[in-house]
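Okay, protein17.cif now, which holds mmCIF, C-alpha atoms:
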data_start
loop_
_atom_site.label_atom_id
_atom_site.label_comp_id
_atom_site.auth_asym_id
_atom_site.auth_seq_id
_atom_site.Cartn_x
_atom_site.Cartn_y
_atom_site.Cartn_z
CA MET A 1133 23.22 -23.02 -23.78
CA VAL A 1134 23.18 -22.56 -27.56
CA SER A 1135 26.47 -22.22 -29.39
CA PHE A 1136 24.89 -21.19 -32.71
CA VAL A 1137 21.85 -21.78 -34.85
CA LYS A 1138 21.93 -22.50 -38.52
CA SER A 1139 18.70 -22.49 -40.52
CA GLN A 1140 17.86 -23.05 -44.14
CA ALA A 1141 14.10 -22.72 -44.12
CA GLY A 1142 13.81 -22.76 -47.89
CA ASN A 1143 15.10 -26.34 -47.84
CA SER A 1144 13.02 -27.15 -44.77
CA TRP A 1145 15.79 -28.09 -42.40
CA PHE A 1146 17.23 -26.63 -39.22
CA THR A 1147 20.37 -27.50 -37.30
CA PHE A 1148 20.47 -26.35 -33.69
CA MET A 1149 23.82 -26.74 -31.95
CA ALA A 1150 22.97 -27.06 -28.26
CA THR A 1151 25.55 -27.31 -25.48
CA ASN A 1152 24.74 -29.34 -22.39
CA PRO A 1153 25.85 -27.19 -19.41
CA ARG A 1154 26.64 -30.32 -17.33
CA THR A 1155 28.91 -32.02 -19.84
CA SER A 1156 29.92 -29.07 -22.09
CA ARG A 1157 29.28 -31.39 -25.01
CA THR A 1158 27.64 -30.09 -28.18
CA THR A 1159 24.55 -31.86 -29.52
CA ASN A 1160 23.01 -31.72 -32.99
CA ALA A 1161 19.30 -31.21 -32.44
CA LEU A 1162 16.60 -31.43 -35.13
CA SER A 1163 19.16 -32.12 -37.85
CA GLY A 1164 17.83 -33.38 -41.16
CA LEU A 1165 14.35 -32.84 -42.59
CA ILE A 1166 11.69 -31.33 -40.34
CA THR A 1167 8.79 -33.75 -39.84
CA ASP A 1168 5.08 -32.96 -39.59
CA LEU A 1169 5.36 -33.64 -35.86
CA ASP A 1170 8.13 -31.05 -35.53
CA LEU A 1171 6.02 -28.47 -37.36
CA ARG A 1172 3.04 -29.25 -35.11
CA LEU A 1173 5.16 -28.79 -31.99
CA LEU A 1174 6.65 -25.56 -33.34
CA ARG A 1175 3.16 -24.20 -34.11
CA VAL A 1176 2.10 -24.90 -30.52
CA PHE A 1177 5.26 -23.18 -29.26
CA LYS A 1178 4.62 -20.13 -31.48
CA THR A 1179 1.05 -19.83 -30.20
CA VAL A 1180 2.14 -20.10 -26.57
CA VAL A 1181 4.73 -17.35 -27.08
CA GLU A 1182 2.32 -15.01 -28.88
CA CYS A 1183 -0.43 -15.62 -26.31
CA GLY A 1184 1.97 -14.98 -23.46
CA GLY A 1185 1.53 -18.29 -21.70
CA PHE A 1186 -0.22 -21.65 -21.49
CA ALA A 1187 -3.57 -20.35 -20.15
CA ALA A 1188 -4.29 -18.01 -23.08
CA ALA A 1189 -2.92 -20.51 -25.60
CA GLU A 1190 -5.37 -23.11 -24.25
CA VAL A 1191 -8.25 -21.08 -25.71
CA GLU A 1192 -6.45 -20.26 -28.95
CA LEU A 1193 -5.38 -23.87 -29.64
CA ASN A 1194 -8.56 -25.45 -28.23
CA ILE A 1195 -6.57 -28.09 -26.37
CA THR A 1196 -6.02 -28.62 -22.65
CA ARG A 1197 -3.20 -26.98 -20.72
CA SER A 1198 -1.77 -30.41 -19.86
CA ALA A 1199 -1.62 -31.27 -23.59
CA ILE A 1200 0.18 -27.97 -24.29
CA SER A 1201 2.65 -28.72 -21.50
CA ARG A 1202 3.26 -32.17 -22.97
CA TYR A 1203 3.84 -30.74 -26.46
CA MET A 1204 6.25 -28.14 -25.10
CA GLY A 1205 8.12 -30.84 -23.23
CA ASP A 1206 8.35 -32.96 -26.39
CA LEU A 1207 9.73 -29.97 -28.33
CA GLU A 1208 12.32 -29.25 -25.64
CA THR A 1209 13.36 -32.90 -25.80
CA ARG A 1210 13.61 -32.77 -29.61
CA LEU A 1211 15.71 -29.60 -29.50
CA HIS A 1212 17.71 -30.46 -26.38
CA MET A 1213 16.86 -26.99 -25.10
CA HIS A 1214 15.05 -25.33 -22.23
CA LEU A 1215 12.65 -22.95 -24.02
CA CYS A 1216 10.68 -21.16 -21.33
CA TYR A 1217 10.03 -20.53 -17.67
CA ARG A 1218 6.53 -21.15 -16.38
CA GLY A 1219 5.19 -21.10 -12.86
CA ARG A 1220 3.88 -18.72 -10.24
CA SER A 1221 6.13 -15.94 -11.50
CA GLY A 1222 4.50 -16.14 -14.95
CA PHE A 1223 5.61 -17.16 -18.43
CA SER A 1224 8.84 -16.00 -20.05
CA LEU A 1225 11.22 -17.26 -22.72
CA THR A 1226 14.77 -18.37 -22.06
CA GLU A 1227 17.53 -17.09 -24.35
CA GLN A 1228 17.25 -20.38 -26.22
CA GLY A 1229 13.48 -19.96 -26.48
CA ARG A 1230 13.85 -16.48 -27.96
CA LEU A 1231 16.35 -17.79 -30.48
CA VAL A 1232 14.04 -20.64 -31.53
CA TYR A 1233 11.08 -18.24 -31.86
CA GLU A 1234 13.10 -15.86 -34.07
CA SER A 1235 14.20 -18.78 -36.26
CA LEU A 1236 10.61 -19.98 -36.48
CA MET A 1237 9.43 -16.53 -37.64
CA GLN A 1238 12.11 -16.59 -40.35
CA LEU A 1239 10.91 -20.04 -41.42
CA GLN A 1240 7.34 -18.74 -41.68
CA ALA A 1241 8.50 -15.80 -43.83
CA ASP A 1242 10.45 -18.13 -46.11
CA LEU A 1243 7.45 -20.44 -46.50
CA GLU A 1244 5.25 -17.46 -47.42
CA LYS A 1245 7.82 -16.39 -50.01
CA PHE A 1246 7.78 -19.96 -51.37
CA ARG A 1247 3.98 -19.82 -51.71
CA ALA A 1248 4.24 -16.47 -53.50
CA ASN A 1249 6.74 -17.93 -55.98
CA ILE A 1250 4.48 -20.91 -56.68
CA ASN A 1251 1.52 -18.56 -57.19
CA THR A 1252 3.53 -16.58 -59.72
CA ALA A 1253 4.62 -19.73 -61.53
CA HIS A 1254 1.17 -21.32 -61.80
CA HIS A 1255 -1.05 -18.21 -61.91
CA ARG A 1256 -3.11 -19.81 -59.17
CA LEU A 1257 -4.18 -17.95 -56.07
CA VAL A 1258 -3.35 -19.87 -52.90
CA GLY A 1259 -1.82 -19.01 -49.54
CA ASN A 1260 -2.45 -16.30 -46.95
CA LEU A 1261 -3.08 -12.63 -47.64
CA HIS A 1262 -2.39 -10.48 -44.57
CA ILE A 1263 -4.31 -7.18 -44.65
CA GLY A 1264 -4.13 -4.36 -42.12
CA VAL A 1265 -6.95 -1.82 -41.81
CA THR A 1266 -7.72 0.99 -39.40
CA ASP A 1267 -10.73 0.58 -37.14
CA ASN A 1268 -14.34 1.56 -37.90
CA THR A 1269 -14.13 2.00 -41.66
CA ILE A 1270 -16.85 -0.59 -42.28
CA THR A 1271 -19.58 2.07 -41.92
CA ASP A 1272 -18.00 4.27 -44.61
CA PRO A 1273 -19.92 3.88 -47.89
CA CYS A 1274 -16.75 4.88 -49.75
CA SER A 1275 -14.81 1.90 -48.37
CA ARG A 1276 -14.84 -1.08 -50.74
CA THR A 1277 -12.52 -3.37 -48.82
CA ALA A 1278 -15.25 -5.96 -48.20
CA SER A 1279 -16.22 -6.18 -51.89
CA VAL A 1280 -12.58 -6.49 -52.94
CA ILE A 1281 -12.11 -9.39 -50.51
CA ALA A 1282 -15.28 -11.03 -51.89
CA THR A 1283 -13.82 -10.81 -55.40
CA LEU A 1284 -10.50 -12.27 -54.22
CA LYS A 1285 -12.31 -15.25 -52.71
CA GLN A 1286 -14.11 -15.79 -56.01
CA LEU A 1287 -10.82 -15.69 -57.90
CA GLY A 1288 -9.05 -17.91 -55.37
CA PRO A 1289 -11.35 -19.98 -53.13
CA GLU A 1290 -8.30 -21.45 -51.37
CA VAL A 1291 -6.93 -18.04 -50.35
CA GLN A 1292 -6.87 -17.48 -46.60
CA ILE A 1293 -7.54 -13.88 -45.54
CA VAL A 1294 -5.84 -12.74 -42.32
CA MET A 1295 -7.10 -9.30 -41.30
CA LEU A 1296 -5.64 -7.11 -38.56
CA THR A 1297 -7.34 -3.95 -37.27
CA THR A 1298 -4.94 -1.53 -35.58
CA SER A 1299 -3.47 1.98 -35.77
CA PRO A 1300 -1.93 3.41 -38.98
CA ASN A 1301 1.52 3.55 -37.34
CA GLU A 1302 1.34 -0.13 -36.39
CA ILE A 1303 0.19 -1.13 -39.89
CA GLU A 1304 3.14 0.71 -41.44
CA ARG A 1305 5.56 -0.96 -39.02
CA LEU A 1306 4.18 -4.43 -39.80
CA LEU A 1307 4.38 -3.74 -43.55
CA ILE A 1308 8.03 -2.68 -43.28
CA GLU A 1309 8.83 -5.79 -41.21
CA GLY A 1310 7.09 -8.01 -43.77
CA HIS A 1311 4.23 -9.21 -41.53
CA LEU A 1312 1.50 -7.63 -43.69
CA HIS A 1313 1.02 -7.63 -47.46
CA ILE A 1314 -1.30 -4.63 -47.79
CA GLY A 1315 -2.59 -1.91 -45.49
CA ILE A 1316 -5.52 0.50 -45.96
CA ILE A 1317 -4.91 3.57 -43.83
CA PRO A 1318 -5.60 7.31 -43.69
CA SER A 1319 -2.94 9.53 -45.26
CA HIS A 1320 -0.78 10.95 -42.49
CA GLN A 1321 2.82 10.47 -43.61
CA THR A 1322 4.97 8.97 -46.37
CA LEU A 1323 7.66 6.52 -45.32
CA PRO A 1324 10.63 5.29 -47.38
CA GLY A 1325 10.35 1.68 -48.44
CA LEU A 1326 6.55 1.81 -48.75
CA ALA A 1327 4.42 2.37 -51.85
CA TYR A 1328 1.06 4.19 -51.73
CA LEU A 1329 -2.12 4.16 -53.84
CA PRO A 1330 -4.78 6.86 -53.13
CA LEU A 1331 -8.26 5.30 -52.88
CA TYR A 1332 -10.97 7.59 -51.46
CA GLN A 1333 -11.76 10.56 -49.20
CA GLU A 1334 -13.35 10.55 -45.74
CA THR A 1335 -15.00 13.67 -44.23
CA SER A 1336 -14.69 14.41 -40.50
CA TYR A 1337 -16.36 16.98 -38.23
CA LEU A 1338 -15.83 18.26 -34.71
CA TYR A 1339 -18.32 16.77 -32.22
CA CYS A 1340 -19.41 17.00 -28.61
CA ALA A 1341 -21.80 14.64 -26.83
CA GLN A 1342 -24.69 14.83 -24.42
CA GLY A 1343 -23.44 16.03 -21.04
CA HIS A 1344 -20.89 18.43 -22.52
CA PRO A 1345 -21.59 22.17 -21.90
CA LEU A 1346 -21.62 22.86 -25.66
CA PHE A 1347 -24.18 20.15 -26.43
CA SER A 1348 -27.13 22.28 -25.37
CA TRP A 1349 -25.48 25.62 -26.19
CA GLU A 1350 -28.10 27.82 -27.84
CA GLU A 1351 -26.08 30.98 -28.44
CA THR A 1352 -23.78 31.55 -31.41
CA LEU A 1353 -20.69 29.36 -31.36
CA VAL A 1354 -17.32 30.89 -32.23
CA PRO A 1355 -13.86 29.27 -32.52
CA ALA A 1356 -12.61 31.17 -29.45
CA LEU A 1357 -15.33 29.47 -27.36
CA LEU A 1358 -14.37 25.99 -28.60
CA ALA A 1359 -10.77 26.67 -27.60
CA GLN A 1360 -11.83 26.84 -23.96
CA TYR A 1361 -12.83 23.18 -23.85
CA GLU A 1362 -10.62 20.09 -23.72
CA HIS A 1363 -10.07 18.25 -26.99
CA VAL A 1364 -9.12 14.63 -27.74
CA SER A 1365 -6.54 14.09 -30.48
CA PRO A 1366 -5.61 10.89 -32.36
CA GLY A 1367 -2.44 9.24 -31.08
CA TYR A 1368 -1.00 8.90 -34.59
CA LYS A 1369 0.30 11.84 -36.64
CA PRO A 1370 -2.74 13.61 -38.17
CA ASP A 1371 -2.75 14.97 -41.71
CA ALA A 1372 -2.05 18.66 -42.39
CA ALA A 1373 -5.74 19.71 -42.53
CA MET A 1374 -6.50 18.23 -39.11
CA LEU A 1375 -3.31 19.66 -37.61
CA GLU A 1376 -4.33 23.14 -38.72
CA LEU A 1377 -7.77 22.85 -37.08
CA GLN A 1378 -6.34 21.30 -33.91
CA ALA A 1379 -3.87 24.16 -33.48
CA GLY A 1380 -6.64 26.38 -32.09
CA LEU A 1381 -7.96 23.73 -29.67
CA LYS A 1382 -6.84 22.70 -26.19
CA THR A 1383 -5.66 19.09 -26.56
CA ALA A 1384 -5.96 17.24 -23.26
CA ALA A 1385 -6.31 13.57 -24.30
CA HIS A 1386 -5.11 11.15 -26.99
CA ALA A 1387 -6.58 7.95 -28.41
CA TYR A 1388 -4.96 5.60 -30.91
CA GLN A 1389 -8.17 4.23 -32.41
CA MET A 1390 -11.43 5.84 -33.48
CA GLU A 1391 -13.44 3.96 -30.87
CA GLY A 1392 -11.23 5.50 -28.19
CA VAL A 1393 -11.87 8.99 -29.57
CA ALA A 1394 -15.63 8.33 -29.64
CA THR A 1395 -15.60 6.97 -26.09
CA LEU A 1396 -13.86 10.07 -24.76
CA ILE A 1397 -16.32 12.32 -26.62
CA MET A 1398 -19.28 10.31 -25.30
CA SER A 1399 -17.98 10.85 -21.76
CA GLY A 1400 -19.11 14.46 -22.10
CA ALA A 1401 -15.68 15.70 -21.01
CA PHE A 1402 -14.10 16.26 -24.42
CA ILE A 1403 -14.76 17.54 -27.92
CA GLY A 1404 -13.11 15.74 -30.84
CA PHE A 1405 -13.08 14.95 -34.55
CA LEU A 1406 -14.85 11.88 -35.89
CA PRO A 1407 -15.61 10.68 -39.43
CA GLU A 1408 -19.17 11.68 -40.33
CA HIS A 1409 -20.15 8.11 -41.26
CA TYR A 1410 -18.94 6.84 -37.88
CA ALA A 1411 -20.59 9.56 -35.76
CA ARG A 1412 -23.90 9.37 -37.67
CA TYR A 1413 -25.29 6.64 -35.38
CA TRP A 1414 -25.00 8.77 -32.22
CA GLU A 1415 -25.99 11.93 -34.06
CA GLU A 1416 -29.25 10.39 -35.27
CA LEU A 1417 -29.99 9.24 -31.70
CA GLY A 1418 -29.54 12.82 -30.53
CA LEU A 1419 -26.46 11.93 -28.47
CA MET A 1420 -23.86 13.87 -30.48
CA ARG A 1421 -23.75 17.30 -32.09
CA LYS A 1422 -21.53 18.84 -34.78
CA LEU A 1423 -19.71 22.01 -33.73
CA LEU A 1424 -19.25 24.75 -36.35
CA PRO A 1425 -19.39 22.23 -39.23
CA GLU A 1426 -18.65 24.88 -41.88
CA GLN A 1427 -15.34 25.77 -40.22
CA PHE A 1428 -14.33 22.62 -38.33
CA SER A 1429 -14.37 19.91 -40.98
CA PHE A 1430 -11.73 18.31 -43.19
CA SER A 1431 -11.25 15.47 -45.65
CA THR A 1432 -8.78 12.63 -45.15
CA GLY A 1433 -7.48 10.59 -48.04
CA PHE A 1434 -7.33 6.83 -47.55
CA LYS A 1435 -4.58 4.90 -49.29
CA ALA A 1436 -3.56 1.34 -49.96
CA VAL A 1437 0.03 0.86 -48.81
CA TRP A 1438 2.49 -1.99 -49.28
CA ARG A 1439 6.19 -2.67 -49.03
CA ASP A 1440 8.01 -1.51 -52.15
CA GLU A 1441 10.17 -4.49 -53.06
CA VAL A 1442 11.42 -6.42 -56.05
CA GLN A 1443 10.14 -9.77 -54.76
CA PRO A 1444 6.80 -10.44 -56.54
CA ASN A 1445 3.71 -11.49 -54.63
CA ARG A 1446 0.83 -12.57 -56.82
CA LEU A 1447 -1.81 -12.36 -54.09
CA ARG A 1448 -0.83 -8.79 -53.28
CA ALA A 1449 -0.69 -7.86 -56.98
CA VAL A 1450 -4.20 -9.23 -57.60
CA CYS A 1451 -5.55 -7.44 -54.50
CA LEU A 1452 -4.07 -4.13 -55.71
CA GLU A 1453 -5.49 -4.75 -59.16
CA GLU A 1454 -8.96 -5.28 -57.67
CA LEU A 1455 -8.63 -2.13 -55.53
CA ARG A 1456 -7.77 -0.11 -58.64
CA ARG A 1457 -10.68 -1.61 -60.56
CA SER A 1458 -13.12 -1.11 -57.67
CA TYR A 1459 -12.25 2.60 -57.33
CA GLY A 1460 -12.01 3.20 -61.07
CA LEU A 1461 -8.29 3.97 -60.90
CA THR A 1462 -5.82 3.62 -63.73
CA GLU A 1463 -2.19 2.52 -63.48
#
How does this structure look as structure tokens?
Amino acid sequence: MVSFVKSQAGNSWFTFMATNPRTSRTTNALSGLITDLDLRLLRVFKTVVECGGFAAAEVELNITRSAISRYMGDLETRLHMHLCYRGRSGFSLTEQGRLVYESLMQLQADLEKFRANINTAHHRLVGNLHIGVTDNTITDPCSRTASVIATLKQLGPEVQIVMLTTSPNEIERLLIEGHLHIGIIPSHQTLPGLAYLPLYQETSYLYCAQGHPLFSWEETLVPALLAQYEHVSPGYKPDAAMLELQAGLKTAAHAYQMEGVATLIMSGAFIGFLPEHYARYWEELGLMRKLLPEQFSFSTGFKAVWRDEVQPNRLRAVCLEELRRSYGLTE
């Protein structure tokens, strides 16, 4: 068992106090400076944990399962700890393993903060920039995320871009926890601790697809008729304009990403809102149809969002500066 863990990642050393259950004697493990070998073993351990086991980590690390097992064994020997269970019952962390993983995540955060401080001191762009975006914005002509990233790579060829595509709620959570530097999400709420920069507007319409009774409807459509059919709603909190339009519809399904909404619409069983730029592909193929576009449409503002904190981050500051310049925004 572990009596306590003391870490000072900024100085690159850990001290793990491990107790041998057979002898009840306490052992100093990994005391002193962390070596390159230790970091390599810890990276393998982190990947195994985040992949949920040796099999998935084999693909991610591009090494054999036996090599991963050997590395994990070496790390357990170095730490004098049993880190995980693996076998027919599956992969799971021990209490010691969870503790080591949490300490490792803190080390990673401290190293990123160190890189940010060096960037600020030398005015040189290096390190990783973690960006979170919602899905299927690449087809929006108003989105300039790709061009901003291109400019960042010109300004700092050594910068590593790490991009995550997920729901707005998840992006906000990861920003608050410090796992992302910047998010680009639709406006749907304002959370304390986060800062927001309005960027552009996206227009959405109500659609049905081939196979739905309204797709070939030739008579006049009225809102009361639309209310009779099942509607798919986004799983995150919509903005006020969408909420108002949804109030008169019969919500019977939820999807957390735009592709999920589109899939449910394409099933022919639901009507739902999609951004015009995203639905255009199916509309031009004659597979989707707008429903009462004059009445059932709304605009959604997209914003850049980041954690509002005193700690400077040069990469994030330059990215925000480029976003402002790209959209013609002033401070």
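Atom CA of Glu1453 of chain A lies 23.3 Å from atom CA of Thr1271 of chain A.
Matched in the shown structure by the PyMOL selection byres ((chain A and resi 1404) around 7): Leu1338, Tyr1339, Cys1340, His1363, Val1364, Ser1365, Val1393, Ile1397, Phe1402, Ile1403, Phe1405 and Leu1406 of chain A.
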I need the chosen residues saved as a JSON list (two decimals), in the frame of the given file, with C-alpha atoms.
[["chain", "number", "residue", "atom", "x", "y", "z"],
["A", 1338, "LEU", "CA", -15.83, 18.26, -34.71],
["A", 1339, "TYR", "CA", -18.32, 16.77, -32.22],
["A", 1340, "CYS", "CA", -19.41, 17.00, -28.61],
["A", 1363, "HIS", "CA", -10.07, 18.25, -26.99],
["A", 1364, "VAL", "CA", -9.12, 14.63, -27.74],
["A", 1365, "SER", "CA", -6.54, 14.09, -30.48],
["A", 1393, "VAL", "CA", -11.87, 8.99, -29.57],
["A", 1397, "ILE", "CA", -16.32, 12.32, -26.62],
["A", 1402, "PHE", "CA", -14.10, 16.26, -24.42],
["A", 1403, "ILE", "CA", -14.76, 17.54, -27.92],
["A", 1405, "PHE", "CA", -13.08, 14.95, -34.55],
["A", 1406, "LEU", "CA", -14.85, 11.88, -35.89]]
Residues in the PyMOL selection byres ((chain A and resi 1424) around 10), expressed as an MDAnalysis selection string: chainID A and resid 1337:1339 1352:1355 1358 1421:1423 1425:1429
query: If you apply the PyMOL selection byres ((chain A and resi 1268) around 10) to this file, what residues do you get, as a PyMOL selection string?
result: chain A and resi 1265-1267+1269-1272+1297+1389-1391+1407+1409-1410
message: Which residues are near Lys1382 of chain A? Cut-off 7 Å, only C-alpha atoms, ignore same chain within fewer than 3 positions. Put them as a PyMOL selection string.
response: chain A and resi 1359-1363
All residues 10 Å or closer to segment 1187-1198 of chain A, all atoms listed in the file, same chain fewer than 6 positions away omitted, as a ChimeraX atom specification: /A:1175-1181,1204,1223
- request: Excluding Gly1288 of chain A and any residue of its chain fewer than 6 positions from it, enumerate the residues within 12 Å of it, using only C-alpha atoms, and give them as a ChimeraX atom specification.
  value: /A:1251,1255-1261,1281-1282,1446-1447,1450-1451
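Atom CA of Leu1331 of chain A to atom CA of Leu1375 of chain A spans 21.5 Å [interatomic distance, one decimal].
Here atom CA of Leu1169 of chain A is placed at a distance of 22.9 Å from atom CA of Tyr1217 of chain A.
You can rank A:Ile1303, A:Cys1274, A:Leu1296, A:Val1280 by their closest distance to Thr1335 of chain A using only C-alpha atoms, and at the top of that list sits A:Cys1274.
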